[in-house]
$ cat coords-v7.txt   # compact mmCIF, C-alpha atoms
# COMPACT_ATOMS: atom_id res chain seq x y z
CA MET A 1 121.80 41.46 42.34
CA SER A 2 119.01 44.00 42.19
CA ASP A 3 118.87 47.48 43.64
CA ALA A 4 117.33 45.89 46.71
CA ARG A 5 120.82 45.04 47.92
CA ASP A 6 121.39 46.26 51.44
CA PRO A 7 124.96 47.55 51.93
CA GLN A 8 124.90 46.67 55.62
CA LEU A 9 123.74 43.13 54.95
CA LEU A 10 126.40 42.70 52.28
CA LYS A 11 129.04 44.03 54.65
CA GLY A 12 128.02 41.42 57.19
CA VAL A 13 128.21 38.50 54.78
CA LEU A 14 131.13 39.46 52.52
CA PRO A 15 133.93 38.06 54.76
CA MET A 16 132.14 34.70 54.77
CA LEU A 17 131.76 34.71 50.98
CA VAL A 18 135.40 35.72 50.47
CA ILE A 19 136.72 32.94 52.71
CA GLY A 20 134.27 30.48 51.17
CA LEU A 21 135.49 31.14 47.64
CA LEU A 22 139.17 31.21 48.62
CA GLY A 23 138.71 27.91 50.45
CA ALA A 24 137.59 26.33 47.18
CA ALA A 25 140.56 27.84 45.27
CA GLU A 26 143.13 30.55 46.05
CA SER A 27 142.88 33.82 44.08
CA TYR A 28 144.53 37.23 43.76
CA GLY A 29 142.38 40.26 44.46
CA TYR A 30 140.92 41.08 41.07
CA GLU A 31 140.32 37.44 40.23
CA LEU A 32 138.34 37.13 43.46
CA VAL A 33 136.23 40.16 42.45
CA THR A 34 135.28 38.40 39.21
CA ARG A 35 134.47 35.19 41.11
CA LEU A 36 132.19 37.11 43.50
CA ARG A 37 130.43 38.64 40.49
CA THR A 38 130.00 35.23 38.90
CA ALA A 39 128.57 33.93 42.18
CA GLY A 40 125.84 36.58 41.98
CA LEU A 41 127.24 39.85 43.40
CA ASP A 42 127.04 41.40 39.93
CA GLY A 43 127.94 44.93 40.82
CA ILE A 44 130.52 44.45 43.55
CA ALA A 45 133.43 46.88 43.31
CA PRO A 46 137.13 46.08 43.83
CA GLY A 47 137.14 48.91 46.37
CA THR A 48 134.72 46.91 48.49
CA VAL A 49 136.62 43.62 48.22
CA TYR A 50 140.25 44.73 48.70
CA PRO A 51 139.81 46.21 52.20
CA THR A 52 138.07 42.99 53.22
CA LEU A 53 141.08 40.95 52.04
CA THR A 54 143.47 43.24 53.93
CA ARG A 55 141.43 43.07 57.10
CA LEU A 56 140.96 39.29 56.99
CA GLU A 57 144.71 38.80 56.53
CA ARG A 58 145.44 41.17 59.42
CA GLU A 59 142.99 39.18 61.56
CA GLY A 60 144.80 35.93 60.70
CA ARG A 61 141.87 34.49 58.74
CA LEU A 62 143.66 34.64 55.39
CA THR A 63 147.26 34.08 54.40
CA SER A 64 148.91 35.05 51.11
CA ARG A 65 151.83 34.30 48.83
CA LEU A 66 153.34 36.30 45.97
CA VAL A 67 153.31 34.63 42.55
CA PRO A 68 155.27 36.15 39.63
CA SER A 69 153.03 37.33 36.79
CA PRO A 70 154.23 37.24 33.16
CA SER A 71 152.37 40.47 32.42
CA GLY A 72 153.17 42.78 35.32
CA PRO A 73 153.99 42.90 39.04
CA ALA A 74 153.78 39.75 41.17
CA ARG A 75 150.27 38.81 42.26
CA LYS A 76 149.27 38.23 45.87
CA TYR A 77 147.25 35.01 46.13
CA TYR A 78 145.06 34.58 49.20
CA ARG A 79 143.79 31.43 50.90
CA PRO A 80 142.13 30.79 54.29
CA THR A 81 144.03 29.84 57.43
CA PRO A 82 142.56 27.20 59.79
CA ALA A 83 141.17 30.13 61.82
CA GLY A 84 139.58 31.43 58.63
CA GLU A 85 137.99 28.07 57.88
CA ALA A 86 136.64 27.94 61.44
CA TYR A 87 135.22 31.45 60.98
CA TYR A 88 133.58 30.36 57.73
CA ALA A 89 131.88 27.37 59.35
CA SER A 90 130.69 29.52 62.26
CA ALA A 91 129.45 32.34 60.00
CA LEU A 92 127.61 29.88 57.75
CA ALA A 93 125.88 28.40 60.81
CA ALA A 94 124.93 31.91 61.98
CA TRP A 95 123.57 32.70 58.51
CA ASP A 96 121.44 29.57 58.53
CA GLU A 97 120.12 30.35 62.02
CA LEU A 98 119.25 33.93 61.07
CA GLY A 99 117.61 32.56 57.93
CA ALA A 100 115.34 30.42 60.09
CA VAL A 101 114.34 33.55 62.05
CA VAL A 102 113.72 35.55 58.88
CA GLY A 103 111.62 32.69 57.53
CA ALA A 104 109.63 32.42 60.75
CA VAL A 105 108.83 36.15 60.70
CA ALA A 106 107.86 36.12 57.02
CA THR A 107 105.63 33.06 57.49
CA ARG A 108 103.92 34.60 60.49
CA ARG A 109 103.04 37.64 58.38
CA GLU A 110 101.56 35.43 55.68
CA ASP A 111 99.47 33.64 58.31
CA ASP A 112 98.07 36.93 59.50
CA ARG A 113 96.70 37.93 56.10
CA MET B 1 120.76 31.41 68.61
CA SER B 2 124.16 29.90 69.24
CA ASP B 3 127.43 31.65 69.97
CA ALA B 4 127.98 31.62 66.22
CA ARG B 5 125.83 34.75 65.95
CA ASP B 6 127.59 37.47 64.00
CA PRO B 7 126.82 40.93 65.46
CA GLN B 8 127.33 42.60 62.09
CA LEU B 9 124.99 40.20 60.34
CA LEU B 10 122.37 40.69 63.04
CA LYS B 11 122.75 44.45 62.76
CA GLY B 12 122.07 44.19 59.03
CA VAL B 13 118.93 42.10 59.41
CA LEU B 14 117.39 43.45 62.62
CA PRO B 15 115.48 46.39 61.03
CA MET B 16 113.83 43.93 58.64
CA LEU B 17 112.83 41.58 61.46
CA VAL B 18 111.50 44.47 63.58
CA ILE B 19 109.33 45.82 60.76
CA GLY B 20 108.23 42.30 59.85
CA LEU B 21 106.99 41.54 63.34
CA LEU B 22 105.37 44.95 63.80
CA GLY B 23 103.61 44.54 60.45
CA ALA B 24 101.96 41.39 61.79
CA ALA B 25 100.92 43.14 65.05
CA GLU B 26 101.91 46.42 66.73
CA SER B 27 103.96 46.21 69.95
CA TYR B 28 105.62 48.39 72.54
CA GLY B 29 109.37 48.08 72.97
CA TYR B 30 109.75 45.37 75.56
CA GLU B 31 106.96 43.28 74.07
CA LEU B 32 108.82 43.40 70.75
CA VAL B 33 111.98 42.17 72.49
CA THR B 34 110.11 39.12 73.75
CA ARG B 35 108.63 38.49 70.29
CA LEU B 36 112.11 38.64 68.73
CA ARG B 37 113.31 36.14 71.34
CA THR B 38 110.39 33.84 70.59
CA ALA B 39 111.17 34.10 66.87
CA GLY B 40 114.66 32.72 67.57
CA LEU B 41 116.90 35.61 68.69
CA ASP B 42 117.11 34.08 72.15
CA GLY B 43 119.67 36.38 73.66
CA ILE B 44 118.77 39.72 72.09
CA ALA B 45 119.01 42.64 74.54
CA PRO B 46 116.56 45.53 74.88
CA GLY B 47 119.56 47.81 74.44
CA THR B 48 119.97 46.44 70.93
CA VAL B 49 116.30 46.72 69.98
CA TYR B 50 115.35 50.15 71.37
CA PRO B 51 117.86 52.18 69.30
CA THR B 52 116.61 50.35 66.18
CA LEU B 53 113.02 51.39 66.98
CA THR B 54 114.09 55.01 67.52
CA ARG B 55 116.09 55.09 64.29
CA LEU B 56 113.34 53.46 62.19
CA GLU B 57 110.80 55.97 63.49
CA ARG B 58 113.16 58.87 62.75
CA GLU B 59 113.61 57.47 59.22
CA GLY B 60 109.84 57.37 58.72
CA ARG B 61 109.67 53.57 58.55
CA LEU B 62 107.75 53.21 61.82
CA THR B 63 105.06 55.29 63.44
CA SER B 64 103.89 55.10 67.04
CA ARG B 65 101.00 55.88 69.37
CA LEU B 66 100.84 56.16 73.15
CA VAL B 67 98.49 53.75 74.91
CA PRO B 68 97.68 54.18 78.63
CA SER B 69 98.89 51.29 80.75
CA PRO B 70 97.03 50.25 83.91
CA SER B 71 100.31 49.40 85.64
CA GLY B 72 102.59 52.34 84.87
CA PRO B 73 103.45 55.01 82.33
CA ALA B 74 101.79 55.02 78.89
CA ARG B 75 103.30 52.57 76.41
CA LYS B 76 104.51 53.55 72.96
CA TYR B 77 103.17 51.10 70.37
CA TYR B 78 105.00 50.91 67.04
CA ARG B 79 103.78 49.82 63.62
CA PRO B 80 105.24 50.17 60.08
CA THR B 81 104.47 53.05 57.75
CA PRO B 82 103.95 52.34 54.02
CA ALA B 83 107.63 53.30 53.56
CA GLY B 84 108.49 50.75 56.25
CA GLU B 85 106.50 48.03 54.50
CA ALA B 86 108.25 48.88 51.22
CA TYR B 87 111.60 48.65 53.02
CA TYR B 88 110.63 45.26 54.45
CA ALA B 89 109.73 43.87 51.01
CA SER B 90 112.96 45.19 49.54
CA ALA B 91 115.11 43.91 52.41
CA LEU B 92 113.49 40.47 52.25
CA ALA B 93 114.24 40.31 48.51
CA ALA B 94 117.84 41.33 49.20
CA TRP B 95 118.09 38.65 51.89
CA ASP B 96 116.83 35.99 49.49
CA GLU B 97 119.25 37.09 46.79
CA LEU B 98 122.20 37.04 49.19
CA GLY B 99 121.02 33.63 50.37
CA ALA B 100 121.28 32.35 46.81
CA VAL B 101 124.88 33.62 46.65
CA VAL B 102 125.77 32.06 50.01
CA GLY B 103 124.25 28.79 48.85
CA ALA B 104 126.15 28.88 45.56
CA VAL B 105 129.46 29.42 47.37
CA ALA B 106 128.78 26.68 49.92
CA THR B 107 127.71 24.21 47.22
CA ARG B 108 130.79 24.95 45.15
CA ARG B 109 132.96 24.12 48.17
CA GLU B 110 131.18 20.81 48.62
CA ASP B 111 131.75 20.00 44.95
CA ASP B 112 135.47 20.59 45.35
CA ARG B 113 135.86 18.03 48.09
$ encode --input "coords-v7.txt" --output "structure tokens"
Amino acid sequence: MSDARDPQLLKGVLPMLVIGLLGAAESYGYELVTRLRTAGLDGIAPGTVYPTLTRLEREGRLTSRLVPSPSGPARKYYRPTPAGEAYYASALAAWDELGAVVGAVATRREDDR
Amino acid sequence: MSDARDPQLLKGVLPMLVIGLLGAAESYGYELVTRLRTAGLDGIAPGTVYPTLTRLEREGRLTSRLVPSPSGPARKYYRPTPAGEAYYASALAAWDELGAVVGAVATRREDDR
């Protein structure tokens, strides 16, 4: 993403993106960071993602399991709970609704030119 | 909007919507609230919008002028500064980029089904 990225906007949408990706396939923390980068959040830092994982698990929207790693300590793999999947669906609907508002405002401005 | 509205997401996008609407036509506070509702933020409260106006003016993204009102105290009309217009363009680009990421994640989930 460009420098236009708005930290507040990203903060609002990151939980949805995290649950969305983990719903497609479970991941441990750093693997999820690389998946978010591949999805388009080029510059996202592990220090932004890890607290989101911790918070979503505390809120009951993610669950985790430890998987032994051949090359180091066991890895904690995260996946959504049913509550997390419900949150994802609701957040995606909210995103689409806000998108309609953003589009309406932008179109109105074009009309006024 | 439905109950699916995410307060954090709204908080991230509200400054952009406020500047967008005021760039199309200046408004005083309560008039802006009704325009936001018409644009799709059905339930938005004045108490959410007014602090955003105050903050954006303090940040130099909005300017204002007092206009006498026949029916009460003078009304403060807001419109964007050049810095506000630049912020709007940048925030809209960021929204579109995040939208592409959200779409990529949602599509990937569909593919996995």
$ interface_residues --input "coords-v7.txt" --of "chain A" --to "chain B" --cutoff "10 Å" --atoms "all atoms listed in the file" --output "VMD selection string"
chain A and resid 1 to 14 16 to 25 35 to 41 87 to 113
$ atom_distance --input "coords-v7.txt" --atom1 "CA of Leu56 (chain B)" --atom2 "CA of Pro15 (chain B)"
7.5 Å
$ axis_aligned_box --input "coords-v7.txt" --around "region 13-18 of chain A" --padding-each-side "8 Å" --output "JSON"
{"center_x": 131.8, "center_y": 37.1, "center_z": 52.6, "size_x": 23.2, "size_y": 20.8, "size_z": 20.3}
$ residues_around --input "coords-v7.txt" --residues "Arg58 (chain B)" --least-positions-apart "6" --cutoff "12 Å" --atoms "only C-alpha atoms" --output "MDAnalysis selection string"
chainID B and resid 51:52 64 81 84
$ residues_around --input "coords-v7.txt" --residues "Tyr30 (chain B)" --least-positions-apart "3" --cutoff "8 Å" --atoms "all atoms listed in the file" --output "ChimeraX atom specification"
/B:33-34,46
